[in-house]
file start.txt (compact mmCIF, C-alpha atoms)
# COMPACT_ATOMS: atom_id res chain seq x y z
CA MET A 3 -28.15 29.09 -2.52
CA MET A 4 -25.14 31.36 -2.02
CA PRO A 5 -23.92 29.75 1.24
CA GLN A 6 -23.96 26.29 -0.38
CA ILE A 7 -21.91 27.53 -3.34
CA LEU A 8 -19.41 29.23 -1.01
CA PHE A 9 -19.21 26.12 1.17
CA LEU A 10 -18.59 23.82 -1.80
CA PHE A 11 -15.99 26.22 -3.24
CA PHE A 12 -13.96 26.49 -0.02
CA ALA A 13 -14.45 22.83 0.86
CA ALA A 14 -13.05 21.85 -2.55
CA ILE A 15 -10.01 24.10 -1.99
CA CYS A 16 -9.60 22.61 1.48
CA VAL A 17 -9.68 18.98 0.33
CA ALA A 18 -7.43 19.74 -2.65
CA GLY A 19 -4.87 21.35 -0.33
CA ALA A 20 -5.02 18.41 2.08
CA ILE A 21 -4.57 15.87 -0.75
CA ASN A 22 -1.65 17.93 -2.06
CA LEU A 23 -0.13 17.84 1.45
CA VAL A 24 -0.20 14.03 1.33
CA LEU A 25 1.11 13.74 -2.24
CA GLN A 26 3.99 16.25 -2.16
CA ARG A 27 7.45 14.89 -1.49
CA HIS A 28 9.07 18.13 -0.39
CA PRO A 29 8.13 19.48 3.06
CA ILE A 30 7.99 23.11 1.92
CA ASN A 31 5.28 22.22 -0.63
CA SER A 32 3.35 20.38 2.08
CA ALA A 33 3.64 23.43 4.36
CA LEU A 34 2.30 25.78 1.69
CA SER A 35 -0.64 23.46 0.96
CA LEU A 36 -1.39 23.42 4.68
CA VAL A 37 -1.53 27.25 4.58
CA VAL A 38 -4.12 26.96 1.78
CA VAL A 39 -6.16 24.50 3.88
CA MET A 40 -6.07 26.82 6.90
CA ALA A 41 -7.02 29.93 4.94
CA SER A 42 -10.04 28.24 3.36
CA LEU A 43 -11.04 26.86 6.77
CA ALA A 44 -11.02 30.46 8.02
CA ALA A 45 -13.51 31.32 5.25
CA LEU A 46 -15.69 28.40 6.35
CA TYR A 47 -15.59 29.71 9.93
CA LEU A 48 -16.86 33.06 8.66
CA LEU A 49 -19.72 31.21 6.91
CA LEU A 50 -20.61 29.69 10.29
CA GLY A 51 -20.71 33.11 11.94
CA ALA A 52 -17.45 32.67 13.85
CA GLU A 53 -15.64 35.90 13.00
CA PHE A 54 -13.28 35.88 15.96
CA VAL A 55 -12.19 32.28 15.39
CA GLY A 56 -11.82 32.95 11.66
CA ALA A 57 -9.53 35.91 12.32
CA VAL A 58 -7.51 33.96 14.91
CA GLN A 59 -7.24 31.08 12.45
CA VAL A 60 -5.60 33.35 9.87
CA ILE A 61 -3.38 35.20 12.35
CA VAL A 62 -2.27 32.35 14.61
CA TYR A 63 -2.52 29.22 12.46
CA ALA A 64 -1.86 30.37 8.90
CA GLY A 65 0.38 33.15 10.19
CA ALA A 66 2.39 32.29 13.27
CA ILE A 67 2.41 28.48 13.40
CA MET A 68 3.03 27.97 9.69
CA VAL A 69 5.79 30.59 9.69
CA LEU A 70 7.40 28.58 12.48
CA PHE A 71 7.14 25.43 10.33
CA VAL A 72 8.55 27.11 7.23
CA PHE A 73 11.31 28.65 9.34
CA VAL A 74 12.35 25.23 10.68
CA ILE A 75 12.19 23.69 7.18
CA MET A 76 14.49 26.44 5.90
CA LEU A 77 16.76 26.26 8.95
CA LEU A 78 17.30 22.50 8.65
CA ASN A 79 17.45 22.70 4.83
CA ALA A 80 15.02 19.77 4.58
CA GLY A 81 15.07 18.06 1.20
CA ALA A 82 12.63 15.69 -0.48
CA GLU A 83 11.81 12.69 1.69
CA GLU A 84 13.14 9.23 0.89
CA GLN A 85 10.86 6.27 0.26
CA SER A 86 11.42 3.27 2.46
CA GLU A 87 10.05 -0.26 2.66
CA GLY A 88 7.83 0.55 5.62
CA SER A 89 6.08 3.46 3.93
CA ARG A 90 5.11 1.29 0.91
CA ILE A 91 3.46 -1.24 3.23
CA ALA A 92 1.69 1.66 4.95
CA LEU A 93 0.47 2.85 1.53
CA TRP A 94 -1.08 -0.49 0.55
CA ILE A 95 -2.64 -1.32 3.91
CA GLY A 96 -3.19 2.11 5.44
CA GLY A 97 -4.73 3.73 2.35
CA PRO A 98 -7.79 1.42 2.14
CA GLY A 99 -8.03 1.41 5.93
CA VAL A 100 -8.26 5.19 6.07
CA ALA A 101 -10.79 5.17 3.18
CA VAL A 102 -12.98 2.71 5.10
CA PHE A 103 -12.70 4.86 8.24
CA ALA A 104 -13.76 7.95 6.27
CA GLY A 105 -16.69 6.02 4.76
CA VAL A 106 -17.91 4.90 8.18
CA LEU A 107 -17.68 8.48 9.52
CA MET A 108 -19.64 9.82 6.52
CA TRP A 109 -22.29 7.12 6.90
CA LEU A 110 -22.67 8.01 10.58
CA VAL A 111 -23.34 11.70 9.92
CA THR A 112 -25.60 11.27 6.87
CA ARG A 113 -27.96 8.53 8.10
CA GLY A 114 -30.64 11.21 8.40
CA ASP A 115 -32.67 9.37 11.03
CA ASP A 116 -31.74 11.77 13.81
CA ALA A 117 -31.57 15.51 14.36
CA ILE A 118 -27.95 15.81 13.23
CA GLY A 119 -28.64 14.25 9.83
CA LYS A 120 -31.35 16.79 9.02
CA ALA A 121 -29.96 19.92 10.70
CA LYS A 122 -28.93 22.99 8.75
CA VAL A 123 -26.39 25.51 9.99
CA GLY A 124 -25.21 28.97 8.99
CA GLY A 125 -25.57 32.61 9.85
CA MET A 126 -24.98 34.31 13.16
CA ILE A 127 -25.58 32.34 16.34
CA SER A 128 -25.98 35.20 18.80
CA SER A 129 -27.13 38.76 18.65
CA GLY A 130 -24.48 41.44 18.80
CA ASP A 131 -20.73 41.37 18.49
CA ASN A 132 -19.31 37.86 18.16
CA THR A 133 -15.90 38.84 19.57
CA HIS A 134 -17.52 40.57 22.52
CA ASN A 135 -19.65 37.52 23.33
CA VAL A 136 -16.72 35.10 23.03
CA ALA A 137 -14.59 37.37 25.24
CA SER A 138 -17.23 37.64 27.96
CA LEU A 139 -17.59 33.83 27.93
CA LEU A 140 -13.81 33.38 28.02
CA PHE A 141 -13.23 35.80 30.90
CA LYS A 142 -16.26 34.78 32.98
CA GLU A 143 -17.11 31.10 32.62
CA PHE A 144 -13.73 29.88 31.35
CA LEU A 145 -11.47 32.15 33.39
CA LEU A 146 -9.64 29.34 35.22
CA PRO A 147 -8.87 27.34 32.03
CA PHE A 148 -7.71 30.58 30.42
CA GLU A 149 -5.27 31.28 33.24
CA VAL A 150 -4.04 27.67 33.25
CA THR A 151 -3.46 28.02 29.49
CA SER A 152 -1.16 30.98 30.08
CA VAL A 153 0.92 28.81 32.43
CA LEU A 154 1.00 26.11 29.72
CA ILE A 155 2.28 28.65 27.17
CA LEU A 156 4.97 29.83 29.60
CA ILE A 157 6.13 26.24 30.16
CA ALA A 158 6.12 25.61 26.40
CA ILE A 159 8.28 28.70 25.78
CA MET A 160 10.79 27.64 28.42
CA GLY A 161 10.80 24.07 27.11
CA ALA A 162 11.40 25.22 23.54
CA VAL A 163 14.29 27.46 24.63
CA VAL A 164 15.88 24.67 26.69
CA LEU A 165 15.46 22.05 23.94
CA ALA A 166 16.68 24.18 21.07
CA SER A 167 19.62 25.84 22.84
CA ARG A 168 23.05 24.57 21.97
CA LYS A 169 24.96 23.09 24.88
CA GLU A 170 28.27 24.93 25.33
CA SER A 171 30.55 22.17 26.60
CA MET B 1359 -28.29 27.42 5.05
CA VAL B 1360 -25.82 24.57 4.60
CA PRO B 1361 -26.62 21.10 6.02
CA LEU B 1362 -24.67 20.31 9.17
CA SER B 1363 -23.71 16.93 7.73
CA TRP B 1364 -21.71 18.64 4.94
CA TYR B 1365 -19.47 20.29 7.52
CA LEU B 1366 -19.11 17.00 9.41
CA ILE B 1367 -18.24 15.15 6.20
CA LEU B 1368 -15.62 17.77 5.32
CA SER B 1369 -14.25 17.48 8.84
CA ALA B 1370 -14.10 13.67 8.56
CA VAL B 1371 -12.38 13.84 5.16
CA LEU B 1372 -9.78 16.33 6.42
CA PHE B 1373 -9.18 14.23 9.54
CA CYS B 1374 -8.71 11.07 7.48
CA LEU B 1375 -6.33 12.85 5.11
CA GLY B 1376 -4.40 13.99 8.18
CA VAL B 1377 -4.28 10.41 9.50
CA SER B 1378 -3.07 9.09 6.13
CA ALA B 1379 -0.40 11.81 5.91
CA PHE B 1380 0.65 10.93 9.46
CA LEU B 1381 1.00 7.25 8.51
CA LEU B 1382 2.52 7.66 5.04
CA LYS B 1383 4.99 10.49 5.49
CA ARG B 1384 8.56 9.73 6.54
CA ASN B 1385 9.65 13.33 7.10
CA ILE B 1386 9.22 14.30 10.75
CA ILE B 1387 8.23 17.89 9.90
CA THR B 1388 5.50 16.70 7.52
CA ILE B 1389 4.22 14.33 10.22
CA PHE B 1390 3.91 17.36 12.49
CA MET B 1391 1.94 19.19 9.81
CA ALA B 1392 -0.40 16.18 9.56
CA ILE B 1393 -1.12 16.56 13.28
CA GLU B 1394 -1.97 20.23 12.70
CA LEU B 1395 -4.32 19.18 9.88
CA MET B 1396 -6.14 16.76 12.20
CA LEU B 1397 -6.51 19.48 14.87
CA ASN B 1398 -7.97 21.80 12.22
CA ALA B 1399 -10.48 19.17 11.14
CA VAL B 1400 -11.67 18.78 14.72
CA ASN B 1401 -11.89 22.58 15.07
CA LEU B 1402 -14.23 22.69 12.07
CA SER B 1403 -16.66 20.25 13.68
CA PHE B 1404 -16.45 22.26 16.95
CA ILE B 1405 -17.50 25.42 15.11
CA ALA B 1406 -20.22 23.62 13.13
CA PHE B 1407 -21.72 22.15 16.30
CA ALA B 1408 -21.46 25.52 18.07
CA ASN B 1409 -23.59 26.99 15.29
CA TYR B 1410 -26.00 24.02 15.41
CA LEU B 1411 -26.48 24.29 19.18
CA GLY B 1412 -26.49 28.08 19.17
CA LYS B 1413 -23.83 28.27 21.90
CA LEU B 1414 -20.48 30.02 21.89
CA SER B 1415 -18.67 27.50 24.11
CA GLY B 1416 -17.43 25.73 20.96
CA HIS B 1417 -15.62 28.90 19.90
CA VAL B 1418 -13.85 29.08 23.25
CA PHE B 1419 -12.83 25.44 22.90
CA VAL B 1420 -11.40 26.10 19.44
CA PHE B 1421 -9.44 28.97 20.99
CA PHE B 1422 -7.97 26.57 23.56
CA VAL B 1423 -7.18 23.99 20.88
CA MET B 1424 -5.29 26.67 18.93
CA VAL B 1425 -3.32 27.65 22.03
CA VAL B 1426 -2.38 24.03 22.71
CA ALA B 1427 -1.46 23.56 19.03
CA ALA B 1428 0.82 26.60 19.18
CA ALA B 1429 2.52 25.30 22.34
CA GLU B 1430 2.84 21.85 20.77
CA ALA B 1431 4.34 23.30 17.58
CA ALA B 1432 6.91 25.33 19.55
CA VAL B 1433 8.04 22.37 21.69
CA GLY B 1434 7.81 19.86 18.83
CA LEU B 1435 9.89 21.92 16.43
CA ALA B 1436 12.49 22.44 19.17
CA ILE B 1437 12.61 18.64 19.57
CA ILE B 1438 12.99 18.27 15.78
CA ILE B 1439 15.94 20.68 15.84
CA ALA B 1440 17.49 18.73 18.71
CA ILE B 1441 16.99 15.43 16.82
CA TYR B 1442 18.52 16.89 13.66
CA ARG B 1443 21.52 18.11 15.65
CA THR B 1444 22.27 14.66 17.06
CA ARG B 1445 21.12 12.32 14.24
CA GLU B 1446 21.70 14.54 11.16
CA THR B 1447 18.44 13.29 9.60
CA LEU B 1448 14.74 14.14 9.44
CA ASN B 1449 13.66 10.64 8.35
CA VAL B 1450 11.74 8.92 11.16
CA ASP B 1451 12.95 5.50 9.97
CA ARG B 1452 16.49 6.48 10.88
CA VAL B 1453 15.58 7.70 14.35
CA ASN B 1454 15.47 4.16 15.73
CA LEU B 1455 17.60 4.30 18.87
CA LEU B 1456 14.80 2.88 21.05
CA LYS B 1457 13.92 0.10 18.59
CA LEU B 1458 14.72 -3.49 19.53
call {"tool": "encode", "arguments": {"input": "start.txt", "output": "structure tokens"}}
result
Amino acid sequence: MMPQILFLFFAAICVAGAINLVLQRHPINSALSLVVVMASLAALYLLLGAEFVGAVQVIVYAGAIMVLFVFVIMLLNAGAEEQSEGSRIALWIGGPGVAVFAGVLMWLVTRGDDAIGKAKVGGMISSGDNTHNVASLLFKEFLLPFEVTSVLILIAIMGAVVLASRKES
Amino acid sequence: MVPLSWYLILSAVLFCLGVSAFLLKRNIITIFMAIELMLNAVNLSFIAFANYLGKLSGHVFVFFVMVVAAAEAAVGLAIIIAIYRTRETLNVDRVNLLKL
């Protein structure tokens, strides 16, 4: 019973934060609601036995990436967004469209006539230390993707520095 | 034990909210945050399926998604700063140089 209660609690926080992200006019409010969404997702990862990913979610996503967002919002002194004609059309056509899309996705996963509809998840998925197991998978089976990722990060750093630097001319 | 479909429904709802924020918002920074929300929703279904299948590969994939999201945020926010410097606005409707 306890896992269901915890799931519903954090899922409600998650959805509330995401709805608040859509409704808020000011980007800083949207950013803070996104932090709420990410923190409650980290709790859901812990419920699924993913301690390493839950910790990385808090440190990298809710910590580093959102600090970057808030930093840019502060730097550019972003104010409340303006309404325009296009966004009202998007509201009246896109809103029902997204609702229908969500309904179809929910119907697909709750049909119950296959294994996925009946499955239950939770608890640990492997014996021993989760971080240790993820690390041995990462540095044995996925070593090449891991090394390629480091090159990607290096390119991203250089790209960010080049794009954001002021041209002295 | 929580049903797997609950996690998938939550993931679908978060993804759809991310899509609607992406379509409705006019502020370029908020649009970027909507992309992060969609990536998070997909990460949740990765972790749920990793638990369902009893394999840790899903965790490694989530790790890679986070790395790519961090790289994307760094480059994207640098582009936003560059756009703000030249156009003096964050409204995507006013960044219409390539529009016919």
call {"tool": "closest_residue", "arguments": {"input": "start.txt", "among": "A:Val72, A:Ile95, A:Leu48, A:Met160", "to": "Leu1382 in chain B", "atoms": "all atoms listed in the file"}}
result
A:Ile95
call {"tool": "residues_around", "arguments": {"input": "start.txt", "residues": "Ala33 in chain A", "least_positions_apart": "5", "cutoff": "10 Å", "atoms": "all atoms listed in the file", "output": "PyMOL selection string"}}
result
(chain A and resi 19+22-23+26+28+38-39+64+68-69+71-72+75) or (chain B and resi 1387-1388+1391-1392)
call {"tool": "residues_around", "arguments": {"input": "start.txt", "residues": "Asn1409 in chain B", "least_positions_apart": "3", "cutoff": "7 Å", "atoms": "all atoms listed in the file", "output": "ChimeraX atom specification"}}
result
/A:50,123-124,127 /B:1405-1406,1412-1413
call {"tool": "closest_residue", "arguments": {"input": "start.txt", "among": "A:Val106, A:Leu78, A:Gly65, A:Thr133", "to": "Leu1435 in chain B", "atoms": "all atoms listed in the file"}}
result
A:Leu78
call {"tool": "closest_residue", "arguments": {"input": "start.txt", "among": "A:Ser138, A:Ser42, A:Thr151, A:Ser167", "to": "Phe1422 in chain B", "atoms": "only C-alpha atoms"}}
result
A:Thr151
call {"tool": "closest_residue", "arguments": {"input": "start.txt", "among": "B:Val1418, B:Leu1395, B:Val1377, B:Ala1431", "to": "Asn132 in chain A", "atoms": "only C-alpha atoms"}}
result
B:Val1418
call {"tool": "closest_residue", "arguments": {"input": "start.txt", "among": "A:Arg27, A:Lys142, A:Lys122, A:Arg113", "to": "chain B", "atoms": "all atoms listed in the file"}}
result
A:Lys122
call {"tool": "atom_distance", "arguments": {"input": "start.txt", "atom1": "CA of Val60 in chain A", "atom2": "CA of Ser35 in chain A"}}
result
14.2 Å
call {"tool": "atom_distance", "arguments": {"input": "start.txt", "atom1": "CA of Tyr47 in chain A", "atom2": "CA of Leu1402 in chain B"}}
result
7.5 Å
call {"tool": "closest_residue", "arguments": {"input": "start.txt", "among": "A:Leu107, A:Ala41, A:Val153, A:Leu146", "to": "chain B", "atoms": "only C-alpha atoms"}}
result
A:Leu107
call {"tool": "atom_distance", "arguments": {"input": "start.txt", "atom1": "CA of Phe103 in chain A", "atom2": "CA of Gly1376 in chain B"}}
result
12.3 Å
call {"tool": "decode", "arguments": {"input": "start.txt", "residues": "range 64-95 of chain A", "atoms": "N, CA and C atoms", "output": "compact mmCIF listing (two decimals), in the first residue's frame"}}
result
# COMPACT_ATOMS: atom_id res chain seq x y z
N ALA A 64 18.03 19.12 -11.47
CA ALA A 64 17.47 20.14 -10.59
C ALA A 64 18.56 21.10 -10.12
N GLY A 65 19.80 20.63 -10.06
CA GLY A 65 20.89 21.50 -9.65
C GLY A 65 21.47 22.28 -10.80
N ALA A 66 22.31 21.62 -11.60
CA ALA A 66 23.14 22.33 -12.57
C ALA A 66 22.32 22.95 -13.70
N ILE A 67 21.47 22.14 -14.36
CA ILE A 67 20.80 22.65 -15.56
C ILE A 67 19.82 23.76 -15.20
N MET A 68 19.08 23.57 -14.09
CA MET A 68 18.10 24.62 -13.74
C MET A 68 18.79 25.88 -13.23
N VAL A 69 19.95 25.73 -12.58
CA VAL A 69 20.70 26.93 -12.20
C VAL A 69 21.13 27.70 -13.44
N LEU A 70 21.52 26.96 -14.49
CA LEU A 70 21.88 27.60 -15.75
C LEU A 70 20.69 28.38 -16.31
N PHE A 71 19.50 27.76 -16.28
CA PHE A 71 18.29 28.43 -16.77
C PHE A 71 18.00 29.70 -15.97
N VAL A 72 18.01 29.55 -14.63
CA VAL A 72 17.69 30.71 -13.79
C VAL A 72 18.73 31.80 -13.99
N PHE A 73 19.99 31.39 -14.16
CA PHE A 73 21.06 32.35 -14.39
C PHE A 73 20.81 33.15 -15.67
N VAL A 74 20.40 32.45 -16.75
CA VAL A 74 20.14 33.15 -18.01
C VAL A 74 18.92 34.05 -17.89
N ILE A 75 17.87 33.58 -17.17
CA ILE A 75 16.68 34.41 -16.98
C ILE A 75 17.05 35.70 -16.26
N MET A 76 17.88 35.58 -15.21
CA MET A 76 18.32 36.76 -14.46
C MET A 76 19.20 37.65 -15.32
N LEU A 77 20.11 37.01 -16.08
CA LEU A 77 21.07 37.78 -16.89
C LEU A 77 20.35 38.62 -17.93
N LEU A 78 19.34 38.02 -18.60
CA LEU A 78 18.63 38.73 -19.66
C LEU A 78 17.48 39.55 -19.12
N ASN A 79 17.24 39.47 -17.78
CA ASN A 79 16.17 40.23 -17.14
C ASN A 79 14.84 40.00 -17.85
N ALA A 80 14.50 38.70 -18.06
CA ALA A 80 13.31 38.34 -18.82
C ALA A 80 12.06 38.68 -18.03
N GLY A 81 11.15 39.40 -18.66
CA GLY A 81 9.89 39.76 -18.02
C GLY A 81 8.79 38.81 -18.40
N ALA A 82 7.55 39.15 -18.01
CA ALA A 82 6.40 38.32 -18.36
C ALA A 82 6.22 38.31 -19.87
N GLU A 83 5.81 37.16 -20.41
CA GLU A 83 5.71 37.05 -21.87
C GLU A 83 4.46 37.75 -22.36
N GLU A 84 4.52 38.20 -23.62
CA GLU A 84 3.38 38.89 -24.22
C GLU A 84 2.51 37.88 -24.95
N GLN A 85 1.20 38.11 -24.92
CA GLN A 85 0.29 37.27 -25.71
C GLN A 85 0.29 37.78 -27.14
N SER A 86 0.17 36.85 -28.08
CA SER A 86 0.08 37.27 -29.47
C SER A 86 -1.05 36.49 -30.12
N GLU A 87 -1.38 36.87 -31.35
CA GLU A 87 -2.51 36.24 -32.05
C GLU A 87 -2.26 34.75 -32.26
N GLY A 88 -1.01 34.43 -32.63
CA GLY A 88 -0.68 33.04 -32.90
C GLY A 88 -0.85 32.13 -31.70
N SER A 89 -0.50 32.64 -30.51
CA SER A 89 -0.56 31.77 -29.34
C SER A 89 -2.01 31.50 -28.94
N ARG A 90 -2.96 32.42 -29.26
CA ARG A 90 -4.37 32.16 -28.94
C ARG A 90 -4.92 31.07 -29.85
N ILE A 91 -4.52 31.09 -31.13
CA ILE A 91 -4.94 30.01 -32.04
C ILE A 91 -4.37 28.69 -31.55
N ALA A 92 -3.10 28.71 -31.12
CA ALA A 92 -2.48 27.48 -30.61
C ALA A 92 -3.23 26.97 -29.40
N LEU A 93 -3.74 27.89 -28.56
CA LEU A 93 -4.48 27.48 -27.36
C LEU A 93 -5.75 26.75 -27.73
N TRP A 94 -6.50 27.28 -28.72
CA TRP A 94 -7.82 26.71 -29.03
C TRP A 94 -7.72 25.45 -29.86
N ILE A 95 -6.68 25.34 -30.68
CA ILE A 95 -6.55 24.12 -31.50
C ILE A 95 -5.59 23.14 -30.84
